[in-house]
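The structure appears right after this line, and notes come after that.
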Amino acid sequence: MTDSVERRSAKRDRAARFYRIVRFLEERGDAGARPEEIADAVGMSRRTVYRDLRQIDEEMGVPVWAEGGRWGVTEKGFLPPLKLTLAEGLAVFLSARLMARYATAHDPDLMGAFQKLGSGMPEALADHVASTLEVMARQPPAEAFRQRVRLLTQAWAERRVVRLRYDTGAYAPGREPREARVRPYLIEPSSTTHALYLIGHDEARGAIRTFKIERILDLELTAEHFERPERGAIETTMARAWDIIADQAPTDVVLRFSPAVAARVAETRWHPSEVRDSRPDGSLVWRARVAGTIEIRLWILSWGADIEVVEPADLRADVLATLRAAEDLYRK
């Protein structure tokens with residue numbers, strides 16, 4: 001067995017131990033348990049139990065208490081149990097499965113959610129959960145990213161302002177990172193970039209802004225709280241986005257799809273504002289109002305020669321220039 005395989009196997013076994021201990025202590029409630037009882041219940045040595053109990057608090061973020069030689073987990077560290085129907089459980093599973101497919105790093109929190117969900121599923125679905133956990137355990141660790149997500153989740157839940165330093169050099173090489181104070185309104189996954197984004201009110205800009213979490217260099221929770229935005233306001237704002245970016249000016253986009261792909265385009269509703277118009281020649285004219293053109297541009301290019309940008313003119317010129325540059329590249 002290679003060193004990398006052994007490390008992945010050890011990491012997987014360690015995560016499984018952690019969750020067995022947590023499940024056992026959850027069942028014991030306020031009474032807790034002595035280390036030797038935990039060792040007998042989960043099949044490991046007392047020495048390993050002591051080490052794992054300390055790391056469960058530090059790495060999993062599960063509050064652990066110790067008193068009078070007994071150990072337990074704090075009830076406030078858990079959400080209340082959900083009683084889901086099979087259909088509801090499947091809906092949650094599919095959402096988590098989508099996140100697992102896009103995950104590029106080892107995520108114990110996502111693995112824990114999967115494991116708990118799988119424990120209540122019928123055998124066929126539980127087997128698939130177990131297989132998914134195997135795949136997730138092979139991902140490389142990304143502890144710094146995980147800690148940022150945890151802090152942002154806490155700030156979001158407690159409505160606390162965060163102070164962050166953000167790398168803006170992805171689109172402007174050489175630009176220095178900027179400091180920002182942000183009110184976290186939402187953490188949103190992107191289906192396009194397979195990444196997580198913080199969406200919140202940037203106090204310096206005086207408006208909602210989008211921050212890719214991987215580009216957050218430093219993060220700090222402040223003691224300042226903010227008022228919840230008006231109910232439905234964030235959802236209304238996000239409805240304008242093609243994917244994640246909602247802080248751009250509304251733009252009317254008109255596209256013409258060739259007969260070869262018109263039926264496939266019509267099978268899916270791509271944006272809440274879209275309007276479709278089938279033409280006698282089999283082509284499809286598609287209209288929508290979206291927040292800027294940064295994200296929809298990539299989608300347009302993915303259709304190759306089967307799509308034409310009718311409006312706006314600057315987007316049409318941009319796509320044309322991109323295709324010409326690609327042609328020059330391939331001619332070389």
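Labeling convention for the structure tokens: chains A, B, ... as they appear, residues from 1 per chain, ligands from 1 in order of appearance.
For Ala144 in chain A, the residues within 10 Å (counting only C-alpha atoms, excluding itself and residues fewer than 3 positions away along the chain) are Pro141, Gln147, Arg148, Val149, Arg150, Glu214, Leu217 and Asp218 of chain A.
The protein and nucleic acid residues lying at most 10 Å from Arg215 in chain A are Phe145, Arg165, Tyr166, Asp167, Thr168, Gly169, Ala170, Pro177 and Tyr197 of chain A, with only C-alpha atoms considered and sequence neighbours fewer than 5 positions away removed.
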Could you write those residues out with C-alpha atoms, as a CSV table (one decimal), in the first residue's frame?
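And here is the file that came out, out_19.csv:
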```csv
chain,number,residue,atom,x,y,z
A,145,PHE,CA,-10.9,27.0,3.9
A,165,ARG,CA,-9.0,40.8,3.7
A,166,TYR,CA,-9.8,39.8,0.1
A,167,ASP,CA,-7.6,38.9,-2.8
A,168,THR,CA,-8.8,41.0,-5.8
A,169,GLY,CA,-5.9,40.0,-8.1
A,170,ALA,CA,-7.8,37.3,-9.9
A,177,PRO,CA,-5.8,42.8,-1.4
A,197,TYR,CA,-19.4,32.5,-2.2
```
### Query
Could you name the residues that touch range 277-282 of chain A at 10 Å or less, counting only C-alpha atoms, but leaving out those on the same chain fewer than 6 positions away, as a PyMOL selection string?
chain A and resi 256-263+266
How would the residues just chosen look if you wrote them out with C-alpha atoms as a short mmCIF file (atom, residue, chain, number, x, y, z; two decimals), in the first residue's frame?
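Output (selection18.cif):
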```cif
data_model
loop_
_atom_site.label_atom_id
_atom_site.label_comp_id
_atom_site.auth_asym_id
_atom_site.auth_seq_id
_atom_site.Cartn_x
_atom_site.Cartn_y
_atom_site.Cartn_z
CA ARG A 256 -30.92 33.13 -31.18
CA PHE A 257 -30.40 29.37 -31.00
CA SER A 258 -30.11 27.24 -34.13
CA PRO A 259 -32.70 24.54 -34.93
CA ALA A 260 -30.08 21.92 -34.00
CA VAL A 261 -30.21 22.85 -30.29
CA ALA A 262 -33.53 24.72 -29.94
CA ALA A 263 -35.37 21.72 -28.49
CA ALA A 266 -36.44 24.70 -24.48
#
```
### Task
Figure out the distance between CA of Leu298 in chain A and CA of His194 in chain A, please, to one decimal in Å.
14.2 Å
### Task
Mind checking which residues fall within 12 Å of range 26-37 of chain A, counting only C-alpha atoms, ignoring those fewer than 4 positions away in the same chain, and posting them as a PyMOL selection string?
chain A and resi 19-22+41-53+62-81
Using N, CA and C atoms, can you write the selected residues to a file as a tab-separated table (two decimals), in the first residue's frame?
```
chain	number	residue	atom	x	y	z
A	19	TYR	N	-17.05	10.17	14.54
A	19	TYR	CA	-18.51	10.17	14.47
A	19	TYR	C	-19.13	9.05	15.29
A	20	ARG	N	-18.42	7.94	15.47
A	20	ARG	CA	-18.95	6.89	16.36
A	20	ARG	C	-18.98	7.39	17.80
A	21	ILE	N	-17.93	8.10	18.21
A	21	ILE	CA	-17.89	8.64	19.57
A	21	ILE	C	-19.00	9.67	19.77
A	22	VAL	N	-19.15	10.58	18.80
A	22	VAL	CA	-20.18	11.61	18.93
A	22	VAL	C	-21.56	10.98	19.01
A	41	ALA	N	-17.64	0.84	23.90
A	41	ALA	CA	-18.76	1.01	22.97
A	41	ALA	C	-18.30	1.12	21.52
A	42	VAL	N	-17.16	1.78	21.30
A	42	VAL	CA	-16.72	2.02	19.92
A	42	VAL	C	-15.53	1.17	19.52
A	43	GLY	N	-15.04	0.33	20.45
A	43	GLY	CA	-13.99	-0.62	20.10
A	43	GLY	C	-12.62	-0.01	19.89
A	44	MET	N	-12.13	0.74	20.87
A	44	MET	CA	-10.79	1.33	20.78
A	44	MET	C	-10.20	1.46	22.17
A	45	SER	N	-8.95	1.85	22.26
A	45	SER	CA	-8.29	1.96	23.56
A	45	SER	C	-8.67	3.27	24.26
A	46	ARG	N	-8.49	3.28	25.60
A	46	ARG	CA	-8.78	4.51	26.36
A	46	ARG	C	-7.88	5.65	25.91
A	47	ARG	N	-6.63	5.32	25.60
A	47	ARG	CA	-5.69	6.36	25.16
A	47	ARG	C	-6.17	7.04	23.88
A	48	THR	N	-6.67	6.23	22.95
A	48	THR	CA	-7.20	6.79	21.70
A	48	THR	C	-8.44	7.62	21.96
A	49	VAL	N	-9.28	7.16	22.90
A	49	VAL	CA	-10.50	7.89	23.24
A	49	VAL	C	-10.16	9.27	23.79
A	50	TYR	N	-9.21	9.35	24.70
A	50	TYR	CA	-8.82	10.64	25.27
A	50	TYR	C	-8.35	11.60	24.17
A	51	ARG	N	-7.51	11.09	23.28
A	51	ARG	CA	-6.99	11.94	22.20
A	51	ARG	C	-8.12	12.39	21.27
A	52	ASP	N	-9.01	11.47	20.92
A	52	ASP	CA	-10.10	11.80	20.00
A	52	ASP	C	-11.08	12.78	20.61
A	53	LEU	N	-11.34	12.66	21.91
A	53	LEU	CA	-12.27	13.59	22.55
A	53	LEU	C	-11.78	15.03	22.45
A	62	VAL	N	-17.58	20.30	17.57
A	62	VAL	CA	-18.64	19.79	18.44
A	62	VAL	C	-18.23	20.09	19.89
A	63	PRO	N	-19.00	20.91	20.62
A	63	PRO	CA	-18.63	21.25	22.00
A	63	PRO	C	-18.62	20.02	22.91
A	64	VAL	N	-17.49	19.78	23.55
A	64	VAL	CA	-17.34	18.61	24.43
A	64	VAL	C	-17.12	19.11	25.86
A	65	TRP	N	-17.77	18.44	26.84
A	65	TRP	CA	-17.56	18.80	28.23
A	65	TRP	C	-16.98	17.62	29.00
A	66	ALA	N	-16.28	17.92	30.09
A	66	ALA	CA	-15.71	16.89	30.95
A	66	ALA	C	-15.92	17.32	32.40
A	67	GLU	N	-16.48	16.42	33.20
A	67	GLU	CA	-16.76	16.74	34.61
A	67	GLU	C	-16.84	15.45	35.41
A	68	GLY	N	-16.09	15.41	36.51
A	68	GLY	CA	-16.13	14.25	37.39
A	68	GLY	C	-15.74	12.95	36.71
A	69	GLY	N	-14.82	13.03	35.77
A	69	GLY	CA	-14.37	11.82	35.08
A	69	GLY	C	-15.29	11.36	33.97
A	70	ARG	N	-16.33	12.12	33.67
A	70	ARG	CA	-17.27	11.76	32.61
A	70	ARG	C	-17.18	12.80	31.50
A	71	TRP	N	-17.45	12.35	30.30
A	71	TRP	CA	-17.38	13.21	29.11
A	71	TRP	C	-18.72	13.18	28.39
A	72	GLY	N	-19.02	14.30	27.74
A	72	GLY	CA	-20.26	14.36	26.97
A	72	GLY	C	-20.18	15.45	25.91
A	73	VAL	N	-21.20	15.53	25.09
A	73	VAL	CA	-21.27	16.59	24.08
A	73	VAL	C	-22.41	17.53	24.46
A	74	THR	N	-22.18	18.81	24.27
A	74	THR	CA	-23.16	19.83	24.63
A	74	THR	C	-24.31	19.83	23.64
A	75	GLU	N	-25.52	19.80	24.16
A	75	GLU	CA	-26.70	19.71	23.29
A	75	GLU	C	-26.81	20.90	22.34
A	76	LYS	N	-26.38	22.09	22.79
A	76	LYS	CA	-26.51	23.27	21.94
A	76	LYS	C	-25.61	23.22	20.72
A	77	GLY	N	-24.69	22.25	20.69
A	77	GLY	CA	-23.82	22.11	19.53
A	77	GLY	C	-24.48	21.42	18.36
A	78	PHE	N	-25.76	20.99	18.53
A	78	PHE	CA	-26.44	20.26	17.47
A	78	PHE	C	-27.77	20.93	17.12
A	79	LEU	N	-28.16	20.79	15.88
A	79	LEU	CA	-29.50	21.19	15.48
A	79	LEU	C	-30.48	20.13	15.96
A	80	PRO	N	-31.75	20.50	16.18
A	80	PRO	CA	-32.73	19.48	16.59
A	80	PRO	C	-32.90	18.43	15.50
A	81	PRO	N	-33.24	17.18	15.89
A	81	PRO	CA	-33.39	16.12	14.90
A	81	PRO	C	-34.54	16.41	13.95
```
### Query
With only C-alpha atoms as the atoms that count, which of A:Val162, A:Leu186, A:Val290, A:Ala207 lies nearest to Glu224 in chain A?
A:Val162
Looking only at the backbone, which of the residues in range 142-246 of chain A does DSSP tag as helix (DSSP H, G or I), as an mmCIF file with N, CA and C atoms, in the first residue's frame?
```cif
data_model
loop_
_atom_site.group_PDB
_atom_site.id
_atom_site.type_symbol
_atom_site.label_atom_id
_atom_site.label_comp_id
_atom_site.auth_asym_id
_atom_site.auth_seq_id
_atom_site.Cartn_x
_atom_site.Cartn_y
_atom_site.Cartn_z
ATOM 1 N N GLU A 143 -7.971 22.752 5.525
ATOM 2 C CA GLU A 143 -8.436 23.167 6.844
ATOM 3 C C GLU A 143 -8.684 24.667 6.927
ATOM 4 N N ALA A 144 -7.835 25.461 6.269
ATOM 5 C CA ALA A 144 -8.011 26.917 6.334
ATOM 6 C C ALA A 144 -9.343 27.323 5.707
ATOM 7 N N PHE A 145 -9.662 26.733 4.564
ATOM 8 C CA PHE A 145 -10.942 27.032 3.908
ATOM 9 C C PHE A 145 -12.111 26.602 4.792
ATOM 10 N N ARG A 146 -11.995 25.425 5.385
ATOM 11 C CA ARG A 146 -13.063 24.913 6.241
ATOM 12 C C ARG A 146 -13.320 25.840 7.425
ATOM 13 N N GLN A 147 -12.241 26.355 8.020
ATOM 14 C CA GLN A 147 -12.400 27.261 9.159
ATOM 15 C C GLN A 147 -13.050 28.574 8.740
ATOM 16 N N ARG A 148 -12.720 29.054 7.543
ATOM 17 C CA ARG A 148 -13.370 30.279 7.051
ATOM 18 C C ARG A 148 -14.867 30.060 6.880
ATOM 19 N N VAL A 149 -15.238 28.914 6.320
ATOM 20 C CA VAL A 149 -16.662 28.619 6.132
ATOM 21 C C VAL A 149 -17.365 28.550 7.482
ATOM 22 N N ARG A 150 -16.715 27.944 8.465
ATOM 23 C CA ARG A 150 -17.323 27.838 9.801
ATOM 24 C C ARG A 150 -17.533 29.212 10.433
ATOM 25 N N LEU A 151 -16.522 30.073 10.327
ATOM 26 C CA LEU A 151 -16.650 31.416 10.884
ATOM 27 C C LEU A 151 -17.751 32.201 10.175
ATOM 28 N N LEU A 152 -17.813 32.086 8.866
ATOM 29 C CA LEU A 152 -18.851 32.795 8.118
ATOM 30 C C LEU A 152 -20.235 32.248 8.446
ATOM 31 N N THR A 153 -20.323 30.937 8.648
ATOM 32 C CA THR A 153 -21.604 30.339 9.028
ATOM 33 C C THR A 153 -22.049 30.869 10.388
ATOM 34 N N GLN A 154 -21.121 30.959 11.322
ATOM 35 C CA GLN A 154 -21.438 31.506 12.641
ATOM 36 C C GLN A 154 -21.873 32.965 12.541
ATOM 37 N N ALA A 155 -21.133 33.747 11.744
ATOM 38 C CA ALA A 155 -21.480 35.164 11.583
ATOM 39 C C ALA A 155 -22.846 35.312 10.933
ATOM 40 N N TRP A 156 -23.140 34.482 9.960
ATOM 41 C CA TRP A 156 -24.432 34.500 9.265
ATOM 42 C C TRP A 156 -25.554 34.160 10.254
ATOM 43 N N ALA A 157 -25.336 33.098 11.040
ATOM 44 C CA ALA A 157 -26.362 32.653 11.979
ATOM 45 C C ALA A 157 -26.604 33.677 13.087
ATOM 46 N N GLU A 158 -25.530 34.338 13.546
ATOM 47 C CA GLU A 158 -25.636 35.279 14.659
ATOM 48 C C GLU A 158 -25.779 36.725 14.199
ATOM 49 N N ILE A 213 -15.118 32.617 -1.422
ATOM 50 C CA ILE A 213 -14.535 32.304 -0.123
ATOM 51 C C ILE A 213 -13.081 31.867 -0.245
ATOM 52 N N GLU A 214 -12.721 31.201 -1.341
ATOM 53 C CA GLU A 214 -11.322 30.802 -1.532
ATOM 54 C C GLU A 214 -10.385 32.006 -1.598
ATOM 55 N N ARG A 215 -10.908 33.184 -1.955
ATOM 56 C CA ARG A 215 -10.053 34.364 -2.085
ATOM 57 C C ARG A 215 -10.006 35.206 -0.808
ATOM 58 N N ALA A 233 -35.764 40.127 0.384
ATOM 59 C CA ALA A 233 -34.954 41.077 -0.386
ATOM 60 C C ALA A 233 -33.759 40.387 -1.036
ATOM 61 N N ILE A 234 -33.082 39.508 -0.292
ATOM 62 C CA ILE A 234 -31.914 38.829 -0.846
ATOM 63 C C ILE A 234 -32.326 37.887 -1.962
ATOM 64 N N GLU A 235 -33.429 37.176 -1.767
ATOM 65 C CA GLU A 235 -33.899 36.252 -2.800
ATOM 66 C C GLU A 235 -34.254 37.003 -4.083
ATOM 67 N N THR A 236 -34.862 38.177 -3.917
ATOM 68 C CA THR A 236 -35.211 38.993 -5.089
ATOM 69 C C THR A 236 -33.954 39.451 -5.814
ATOM 70 N N THR A 237 -32.953 39.864 -5.038
ATOM 71 C CA THR A 237 -31.688 40.296 -5.635
ATOM 72 C C THR A 237 -31.002 39.144 -6.354
ATOM 73 N N MET A 238 -30.950 37.975 -5.709
ATOM 74 C CA MET A 238 -30.261 36.825 -6.297
ATOM 75 C C MET A 238 -30.982 36.302 -7.534
#
```
### Message
Excluding Val161 in chain A and its own-chain neighbours fewer than 4 positions away, which residues fall within 7 Å of it when counting only C-alpha atoms? Please give them as a ChimeraX atom specification.
### Response
/A:155,181-184,221-222,224-226
Test item, strand (DSSP E or B) assignment across range 213-286 of chain A, answer as a PDB file with C-alpha atoms, in the first residue's frame:
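Saved result, part.pdb, follows:
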```
ATOM      1  CA  ILE A 216     -10.644  35.496   1.498  1.00  0.00           C
ATOM      2  CA  LEU A 217      -7.137  35.731   2.949  1.00  0.00           C
ATOM      3  CA  ASP A 218      -7.972  36.710   6.546  1.00  0.00           C
ATOM      4  CA  LEU A 219     -11.269  36.660   8.399  1.00  0.00           C
ATOM      5  CA  GLU A 220     -12.349  37.965  11.795  1.00  0.00           C
ATOM      6  CA  LEU A 221     -15.730  38.047  13.544  1.00  0.00           C
ATOM      7  CA  THR A 222     -16.517  41.369  15.184  1.00  0.00           C
ATOM      8  CA  ALA A 223     -18.778  41.886  18.187  1.00  0.00           C
ATOM      9  CA  GLU A 224     -21.097  44.104  16.125  1.00  0.00           C
ATOM     10  CA  HIS A 225     -24.501  42.816  15.090  1.00  0.00           C
ATOM     11  CA  PRO A 250     -29.636  44.690 -15.100  1.00  0.00           C
ATOM     12  CA  THR A 251     -28.973  43.806 -18.741  1.00  0.00           C
ATOM     13  CA  ASP A 252     -31.441  42.676 -21.399  1.00  0.00           C
ATOM     14  CA  VAL A 253     -29.970  39.757 -23.345  1.00  0.00           C
ATOM     15  CA  VAL A 254     -31.426  38.431 -26.605  1.00  0.00           C
ATOM     16  CA  LEU A 255     -30.059  35.212 -28.112  1.00  0.00           C
ATOM     17  CA  ARG A 256     -30.919  33.135 -31.175  1.00  0.00           C
ATOM     18  CA  PHE A 257     -30.399  29.366 -30.997  1.00  0.00           C
ATOM     19  CA  VAL A 275     -39.019  34.403 -22.478  1.00  0.00           C
ATOM     20  CA  ARG A 276     -38.782  31.951 -25.397  1.00  0.00           C
ATOM     21  CA  ASP A 277     -40.076  32.425 -28.928  1.00  0.00           C
ATOM     22  CA  SER A 278     -39.989  29.495 -31.375  1.00  0.00           C
ATOM     23  CA  LEU A 284     -35.444  29.761 -30.924  1.00  0.00           C
ATOM     24  CA  VAL A 285     -35.190  33.384 -29.820  1.00  0.00           C
ATOM     25  CA  TRP A 286     -34.450  33.611 -26.102  1.00  0.00           C
TER      26      TRP A 286
END
```
### Query
Which is closest to Ile294 in chain A among A:Asp318, A:Asp40, A:Ser273, A:Phe18, if we use only C-alpha atoms?
A:Asp318
## Note on the structure
Closest of A:Arg231, A:Ala239, A:Ile38, A:Arg160 to Gly200 in chain A, counting only C-alpha atoms, is A:Arg160
